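Novice: I am attaching a structure below and will ask some questions about it afterwards.
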Amino acid sequence: MATHSITFHPSNKKNSSTTGSLLTEAVRDAGLDLAQPCGGQGRCGRCAVIVESGNVRRRSTIRLSASDLEAGYALACQAVIEGDAAILIPEQEAVERRLVTDKTARKVEVPFAYDPIRDQTIRAFDLTLDPPTLEDSTDDISRLERALAAQGIFNLDVPLPLLRALGSKLRDAEWNVTAIIETDHWKRNTPRLIDVNPSGLKDPKGLDVYGIAIDIGTTTVSVYLVNLITGEAIDTAAEYNGQINRGEDVISRIIYANKNGGLSELGNLVRKTINDVIDRLASRNHVDRKQIYKATVSGNTTMMHLFAGLPPASIRLTPYIPIVNHPAPLLAADLDLNIHPLATVDLLPSVASYVGADITAGVLASGLSEADELTLFIDVGTNGEMVLGTKDWFVTCACSAGPAFEGAGVVCGMRATRGAIEEVWINTQTFEPTYRVIGDVKPKGICGSGLISLVAELFITGVVDKGGNFIVGAGLAPALARRVREGEHGGEYVVAWANETDMARDIVITKVDIDNLMRAKAAIYAGFTVLAQSVGVDLADVQKLLVGGSFGKYINVEKAVQIGLLPDMQWERFNFLGNTSVLGAYMALLSRDARSKIKAIAEKMTYIELSADNTFYDSFTSALFLPHTDMTKFPSVEAIWDNKEKQEVW
Amino acid sequence: MPTVEIPKEKWNGKVREVKIGATKEEGGSRTKTITIGGEATLPFLHFENTIPHAPALAIEIKDRKPADWSPLLYEAWGDAMNDPAAWAKAAEASGADLIVLTLSVATKPDEAKATVRKVLNATGLPLAVFGPGQAEKDNELIVPVAEEAKGEKLLIGVCEDKNYRTIVAAAMANDHLVTSKTPMDVNLAKQLVILIHDMGMPLERIVMDPTTGALGYGIEYGYSVMERLRLAALQGDSMTQQPMIVTPGEEAWKAKESKVGEGVPESWGEWKKRAIYWETLTATPLIHAGADVVVLRHPESLKKVKGMINALMSKGN
């Protein structure tokens with residue numbers, strides 16, 4: 001058989017290989033090292049090399065984009081040698097980075113060309129008032145009104161607490177003030193005075209005007225701190241909702257709220273969570289909390305009720321009616337928010353008990369409300385909500401998925417922050433995992449995207465069966481027996497040994513965790529399946545699939561398809577948007593136009609009640625399998641599976 | 001007389017044929033084997049397509065005399081209940097097509113092996129052997145039984161979604177068949193067949209037990225699930241095309257209506273008659289839902305059900 005000379009750069013090591021051998025073999029024989037976390041299956045893309053000259057036959061290019069191919073990339077484990085070639089092995093770290101770029105958290109950008117004068121309802125007016133004299137004896141308030149009238153502000157409403165302080169504020173500032181005014185909101189056209197600050201004299205930052213966008217998730221609370229002059233989200237932070245220990249889903253929270261004192265306790269817990277996050281954002285950005293003059297709040301209907309202290313009991317009982325879908329704006333002081341006490345708190349509109357502002361805001365943020373082609377928007381959270389439609393119509397439904405995708409309710413789960421395992425590969429032969437940790441530190445736990453990729457890998461490599469059961473017992477491959485063991489909660493797979501972690505204990509995924517994840521993904525899959533059926537649409541006709549959720553930015557499509565969370569369609573059709581609820585709240589915070597669009601979306605949305613639909617349960621149990629009981633719905637996964645059957649790893 | 005064109009459904013799929021038991025030539029010791037399944041239409045619609053095998057009737061026997069069965073069953077089987085071999089013989093004499101032997105929780109693996117051997121010696125009928133339905137105990141008893149009866153093509157169980165690997169592995173290694181038992185749900189039934197098949201078990205050696213309830217105790221759920229499974233099978237859904245076994249005897253004899261004769265309203269009528277009807281009328285609807293094997297307990301019920309089957313299989317002649 002013909003032999004060929006292969007030269008590796010940058011080491012300049014050479015090797016002679018026979019026709020038909022794999023590049024990975026040549027690399028090994030040349031004494032070089034190339035990571036293959038997936039065990040040489042062409043699945044992980046970590047062994048990408050650049051073919052500088054000569055040619056190789058690429059058996060699989062699943063991990064390479066068109067531009068990668070043009071740049072000469074090949075997966076060493078899938079590259080068959082057919083002639084002399086020169087191969088560049090990139091620095092391993094560089095490869096990592098290339099894989100990472102598509103999923104690094106995008107910086108939040110100002111979502112449109114922002115013009116505060118046109119868009120913003122909170123305005124700061126620099127005013128120089130004429131000091132009163134014996135000749136000009138107008139009262140203080142008229143003096144202020146006169147100056148504002150010159151700027152086009154009439155009929156000013158001055159709240160009593162501010163009126164009480166007005167005299168000294170004006171005099172202390174020697175009549176050079178910045179008036180913070182809410183010019184209008186969706187329910188009122190007259191301006192309201194929020195505060196009067198000394199103009200720039202003492203504090204150079206005194207002119208800045210801030211707002212916050214808040215998403216109250218059942219599991220996670222996310223907050224953006226926004227400069228209302230520039231429109232920029234200067235920082236973002238998130239924290240688990242302090243109510244979690246009082247029930248993991250909305251139903252158990254509602255039940256808890258019904259107990260004596262439960263409602264005020266839950267309200268206090270979520271407000272404390274929000275205040276803690278605001279404190280963190282304010283202090284690390286050196287912003288005075290009193291300079292935050294507006295908060296726009298999104299969240300599901302139950303979270304909104306609990307936040308505002310409204311009893312949510314009727315949400316749970318047929319015919320499932322909330323107290324209010326679209327409350328008028330409130331004052332921060334009334335809600336115990338630690339921002340300016342007279343700041344406006346604008347709660348975004350819900351559609352129904354189980355389709356909240358998180359969805360109306362999400363529809364705006366996702367762009368679904370402007371879409372020409374058939375689009376499915378899925379918000380993966382503790383409640384899975386989905387909207388199907390185009391710019392002309394949309395239908396929506398909601399289902400309970402549980403907190404697993406946000407890393408809660410899972411033994412070693414955590415939020416997607418520093419120290420979280422966010423991606424896992426398992427070697428098909430050795431069953432050893434390779435994982436990537438956010439922040440490149442020792443792992444502390446596994447976040448939602450990590451769990452998705454882990455379950456997909458356990459399934460694809462045959463560590464669990466299609467029912468999600470660990471394969472244990474006699475005859476188990478010894479390599480696998482090292483990682484799979486009987487734990488406190490039944491079978492478990494060890495992802496990281498204690499000495500690799502920051503926790504001094506093993507990081508594992510248990511059978512119970514897998515069951516939780518399977519129920520969560522089945523609920524979501526069943527939700528959009530039934531939604532599509534209800535309007536007579538075939539999922540295959542969906543042109544665009546927009547995915548939101550706390551993990552949305554980091555999720556790996558391939559893995560999400562492999563576990564059957566997302567439908568098996570061309571990857572180009574997927575678009576991951578991150579937390580669309582807080583993004584929509586951010587847009588509404590910035591612009592009254594965006595705010596009125598959300599209102600219009602809420603009014604236009606048709607809600608489908610799944611509990612009234614007996615096909616849901618059937619779709620759910622059908623989806624309670626890896627990837628699905630009907631494998632023909634997942635041709636790409638079926639192909640991998642058939643391939644694996646042929647290779648028969650044990 | 002005017003002729004009426006009967007509309008016929010065109011089905012894409014049919015039920016798989018499964019053969020239980022092996023003769024001497026086939027590596028076992030059975031004098032009879034039984035093939036079930038193969039239907040290309042719904043039950044008894046002979047005008048539409050072929051139904052190659054009549055539904056089979058099994059009698060359930062226990063390895064130890066049960067303590068809590070209805071007095072009517074003790075009356076029917078008498079002393080034979082003290083000895084599984086004698087009981088199996090009596091069951092064969094009553095007209096059963098196969099014997100279902102259920103093992104008790106108290107039984108030890110060696111005892112199970114010995115009992116199975118005795119029963120195999122006593123009857124030439126194909127045999128099914130089920131554990132008591134507790135995962136660990138099932139595995140403990142069925143594995144040695146499978147080894148003891150290697151080559152007999154027993155139908156063994158109970159395989160459930162959380163516990164199927166051990167029994168399937170034993171069946172594969174020793175040339176037996178398995179039942180795949182799921183709690184009254186179409187998807188779960190299909191999923192377990194997939195899991196068992198994924199281990200390498202040929203589909204020709206899997207029988208589904210979709211679980212049922214007795215008349216008056218949820219039979220409509222069982223009926224509906226079986227009917228949907230069968231419709232899916234005929235529509236070509238491969239993983240639902242396994243023949244079905246159900247246990248109306250066990251279910252019906254749990255019902256108060258058949259179990260007890262005292263302290264019930266007089267209007268319920270004669271106890272024995274009522275009890276046998278209860279079992280018969282639990283079994284017959286399930287056969288109409290597509291059951292390929294029904295497991296009964298009373299010989300009189302078996303006779304009645306067999307009469308119904310014979311009449312319906314005779315295609316109106």
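Residues are referred to by chain and number: the chain letter is A, B, ... according to the order shown in the structure tokens, the number counts from 1 in that chain, and ligands are numbered separately from 1 in the order shown.
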Quick check for you: according to DSSP on this backbone, which residues of region 29-211 of chain B are classed as alpha helix (DSSP H)? Reply as a ChimeraX atom specification.

Specialist: /B:71-77,84-93,109-122,135-148,165-174,186-198

Novice: When you get a sec, could you note down which chain A residues fall within 9 Å of chain B, using only C-alpha atoms, as an MDAnalysis selection string?

Specialist: chainID A and resid 465:467 469 471:474 618:619 621:625 628:630 645

Novice: Applying 10 Å and only C-alpha atoms, which residues near region 88-98 of chain B remain after dropping the ones on its own chain fewer than 6 positions away? List them as JSON, numbers by chain.

Specialist: {"B": [20, 21, 32, 33, 34, 55, 56, 57, 58, 59, 60, 61, 62, 77, 78, 80, 81, 118, 119, 120, 121, 122, 123, 124, 125, 126, 127, 128, 293, 295, 296, 297, 298, 299, 300, 302, 303, 306]}

Novice: Skip Glu136 (chain B) itself and residues of its chain fewer than 5 positions away, then list as a list of chain:residue names all residues within 12 Å of it, counting only C-alpha atoms.

Specialist: B:Val105, B:Gly131, B:Leu141, B:Ile142, B:Val143, B:Val158, B:Cys159, B:Glu160, B:Lys162, B:Asn163, B:Tyr164, B:Arg165, B:Thr166, B:Ile167

Novice: Give me, as a ChimeraX atom specification, all polymer residues having an atom no more than 9 Å from Leu458 (chain A), counting only C-alpha atoms and skipping those fewer than 3 positions away in the same chain.

Specialist: /A:425-426,431,453-455,461-465,468,470,493

Novice: Include N, CA and C atoms and write out the residues we just selected as a PDB file, in the first residue's frame.

Specialist:
```
ATOM      1  N   TRP A 425     -18.359  16.474  27.232  1.00  0.00           N
ATOM      2  CA  TRP A 425     -18.235  15.437  26.205  1.00  0.00           C
ATOM      3  C   TRP A 425     -17.829  14.160  26.892  1.00  0.00           C
ATOM      4  N   ILE A 426     -18.347  13.040  26.414  1.00  0.00           N
ATOM      5  CA  ILE A 426     -17.973  11.757  27.000  1.00  0.00           C
ATOM      6  C   ILE A 426     -17.344  10.905  25.909  1.00  0.00           C
ATOM      7  N   PHE A 431     -15.509   6.280  28.344  1.00  0.00           N
ATOM      8  CA  PHE A 431     -16.589   6.873  29.141  1.00  0.00           C
ATOM      9  C   PHE A 431     -16.104   7.983  30.065  1.00  0.00           C
ATOM     10  N   SER A 453     -26.131  19.055  27.759  1.00  0.00           N
ATOM     11  CA  SER A 453     -25.098  18.381  26.984  1.00  0.00           C
ATOM     12  C   SER A 453     -24.682  17.082  27.674  1.00  0.00           C
ATOM     13  N   LEU A 454     -24.720  17.076  28.994  1.00  0.00           N
ATOM     14  CA  LEU A 454     -24.362  15.861  29.726  1.00  0.00           C
ATOM     15  C   LEU A 454     -25.361  14.726  29.459  1.00  0.00           C
ATOM     16  N   VAL A 455     -26.651  15.033  29.555  1.00  0.00           N
ATOM     17  CA  VAL A 455     -27.654  13.986  29.321  1.00  0.00           C
ATOM     18  C   VAL A 455     -27.567  13.486  27.876  1.00  0.00           C
ATOM     19  N   THR A 461     -23.614   7.984  24.158  1.00  0.00           N
ATOM     20  CA  THR A 461     -22.540   7.020  24.400  1.00  0.00           C
ATOM     21  C   THR A 461     -23.055   5.743  25.057  1.00  0.00           C
ATOM     22  N   GLY A 462     -24.376   5.684  25.308  1.00  0.00           N
ATOM     23  CA  GLY A 462     -24.957   4.455  25.843  1.00  0.00           C
ATOM     24  C   GLY A 462     -24.750   4.256  27.334  1.00  0.00           C
ATOM     25  N   VAL A 463     -24.446   5.316  28.073  1.00  0.00           N
ATOM     26  CA  VAL A 463     -24.333   5.184  29.531  1.00  0.00           C
ATOM     27  C   VAL A 463     -25.731   5.054  30.136  1.00  0.00           C
ATOM     28  N   VAL A 464     -26.688   5.754  29.519  1.00  0.00           N
ATOM     29  CA  VAL A 464     -28.088   5.535  29.912  1.00  0.00           C
ATOM     30  C   VAL A 464     -28.842   5.024  28.686  1.00  0.00           C
ATOM     31  N   ASP A 465     -29.963   4.345  28.949  1.00  0.00           N
ATOM     32  CA  ASP A 465     -30.773   3.881  27.833  1.00  0.00           C
ATOM     33  C   ASP A 465     -31.732   4.992  27.414  1.00  0.00           C
ATOM     34  N   GLY A 468     -33.549   6.835  29.941  1.00  0.00           N
ATOM     35  CA  GLY A 468     -32.787   7.622  30.905  1.00  0.00           C
ATOM     36  C   GLY A 468     -32.305   6.801  32.095  1.00  0.00           C
ATOM     37  N   PHE A 470     -29.691   4.417  34.021  1.00  0.00           N
ATOM     38  CA  PHE A 470     -28.289   4.017  33.954  1.00  0.00           C
ATOM     39  C   PHE A 470     -28.209   2.537  33.683  1.00  0.00           C
ATOM     40  N   TYR A 493     -23.706   9.171  37.698  1.00  0.00           N
ATOM     41  CA  TYR A 493     -22.499   9.217  36.883  1.00  0.00           C
ATOM     42  C   TYR A 493     -21.624  10.332  37.437  1.00  0.00           C
TER      43      TYR A 493
END
```

Novice: Of the residues A:Asp172, A:Glu248, A:Glu609, A:Asp157, which is the one nearest to Pro191 (chain A), using only C-alpha atoms?

Specialist: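 That would be A:Asp157, the residue with the smallest distance to Pro191 (chain A).
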
Novice: Considering only C-alpha atoms, return as a PDB file with N, CA and C atoms, in the first residue's frame whatever protein or nucleic-acid residues lie within 7 Å of Glu227 (chain B), sequence-local ones (same chain, fewer than 3 positions apart) excluded.

Specialist:
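So the final result, stored in selection10.pdb, reads:
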```pdb
ATOM      1  N   TYR B 223     -58.791  -1.398  27.895  1.00  0.00           N
ATOM      2  CA  TYR B 223     -59.355  -1.646  26.564  1.00  0.00           C
ATOM      3  C   TYR B 223     -58.872  -0.585  25.590  1.00  0.00           C
ATOM      4  N   SER B 224     -59.002   0.676  26.021  1.00  0.00           N
ATOM      5  CA  SER B 224     -58.676   1.784  25.134  1.00  0.00           C
ATOM      6  C   SER B 224     -57.188   1.803  24.759  1.00  0.00           C
ATOM      7  N   ARG B 230     -53.182  -1.440  19.034  1.00  0.00           N
ATOM      8  CA  ARG B 230     -53.433  -2.275  17.877  1.00  0.00           C
ATOM      9  C   ARG B 230     -53.639  -1.423  16.624  1.00  0.00           C
ATOM     10  N   LEU B 231     -54.352  -0.303  16.785  1.00  0.00           N
ATOM     11  CA  LEU B 231     -54.549   0.584  15.629  1.00  0.00           C
ATOM     12  C   LEU B 231     -53.196   1.116  15.148  1.00  0.00           C
ATOM     13  N   ALA B 289     -60.415  -6.149  22.065  1.00  0.00           N
ATOM     14  CA  ALA B 289     -59.499  -5.009  21.963  1.00  0.00           C
ATOM     15  C   ALA B 289     -58.180  -5.420  21.317  1.00  0.00           C
ATOM     16  N   GLY B 290     -57.992  -6.730  21.118  1.00  0.00           N
ATOM     17  CA  GLY B 290     -56.780  -7.156  20.422  1.00  0.00           C
ATOM     18  C   GLY B 290     -55.875  -8.085  21.203  1.00  0.00           C
TER      19      GLY B 290
END
```

Novice: Write out as a list of chain:residue names each polymer residue whose atoms come within 10 Å of Arg64 (chain B), counting only C-alpha atoms; drop sequence neighbours fewer than 6 positions from it.

Specialist: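 Everything that qualifies: B:Met81, B:Asn82, B:Asp83, B:Pro84, B:Thr102, B:Leu103, B:Ser104, B:Ala106, B:Thr107, B:Thr115.
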
Novice: What does the distance between CA of Met208 (chain B) and CA of Pro243 (chain B) come to in Å, to one decimal place?

Specialist: 6.2 Å

Novice: Determine which residues of region 130-279 of chain B receive a DSSP assignment of strand (DSSP E or B), computed from the backbone, and state them as a list in words.

Specialist: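 Matching residues, listed in order: Phe130, Leu155, Ile156, Gly157, Val158, Cys159, Glu160, Asn163, Leu177, Val178, Thr179, Ser180, Lys181, Ile206, Val207, Met208, Asp209, Met244, Ile245 and Val246 of chain B.
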
Novice: Please compute the CA of Asp136 (chain A)-CA of Gly152 (chain A) distance, one decimal, in Å.

Specialist: 22.4 Å

Novice: Smallest atom-to-atom distance to Val297 (chain A): which of A:Leu517, A:Ala357, A:Val108, A:Ala26, using only C-alpha atoms?

Specialist: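 Answer, going by the shortest atom-to-atom distance: A:Ala357.
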
Novice: Taking only C-alpha atoms into account, name the residue in B:Ser238, B:Val116, B:Lys108, B:Ser301 that is nearest to Lys137 (chain B).

Specialist: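 Ranked by minimum distance to Lys137 (chain B), first place goes to B:Lys108.
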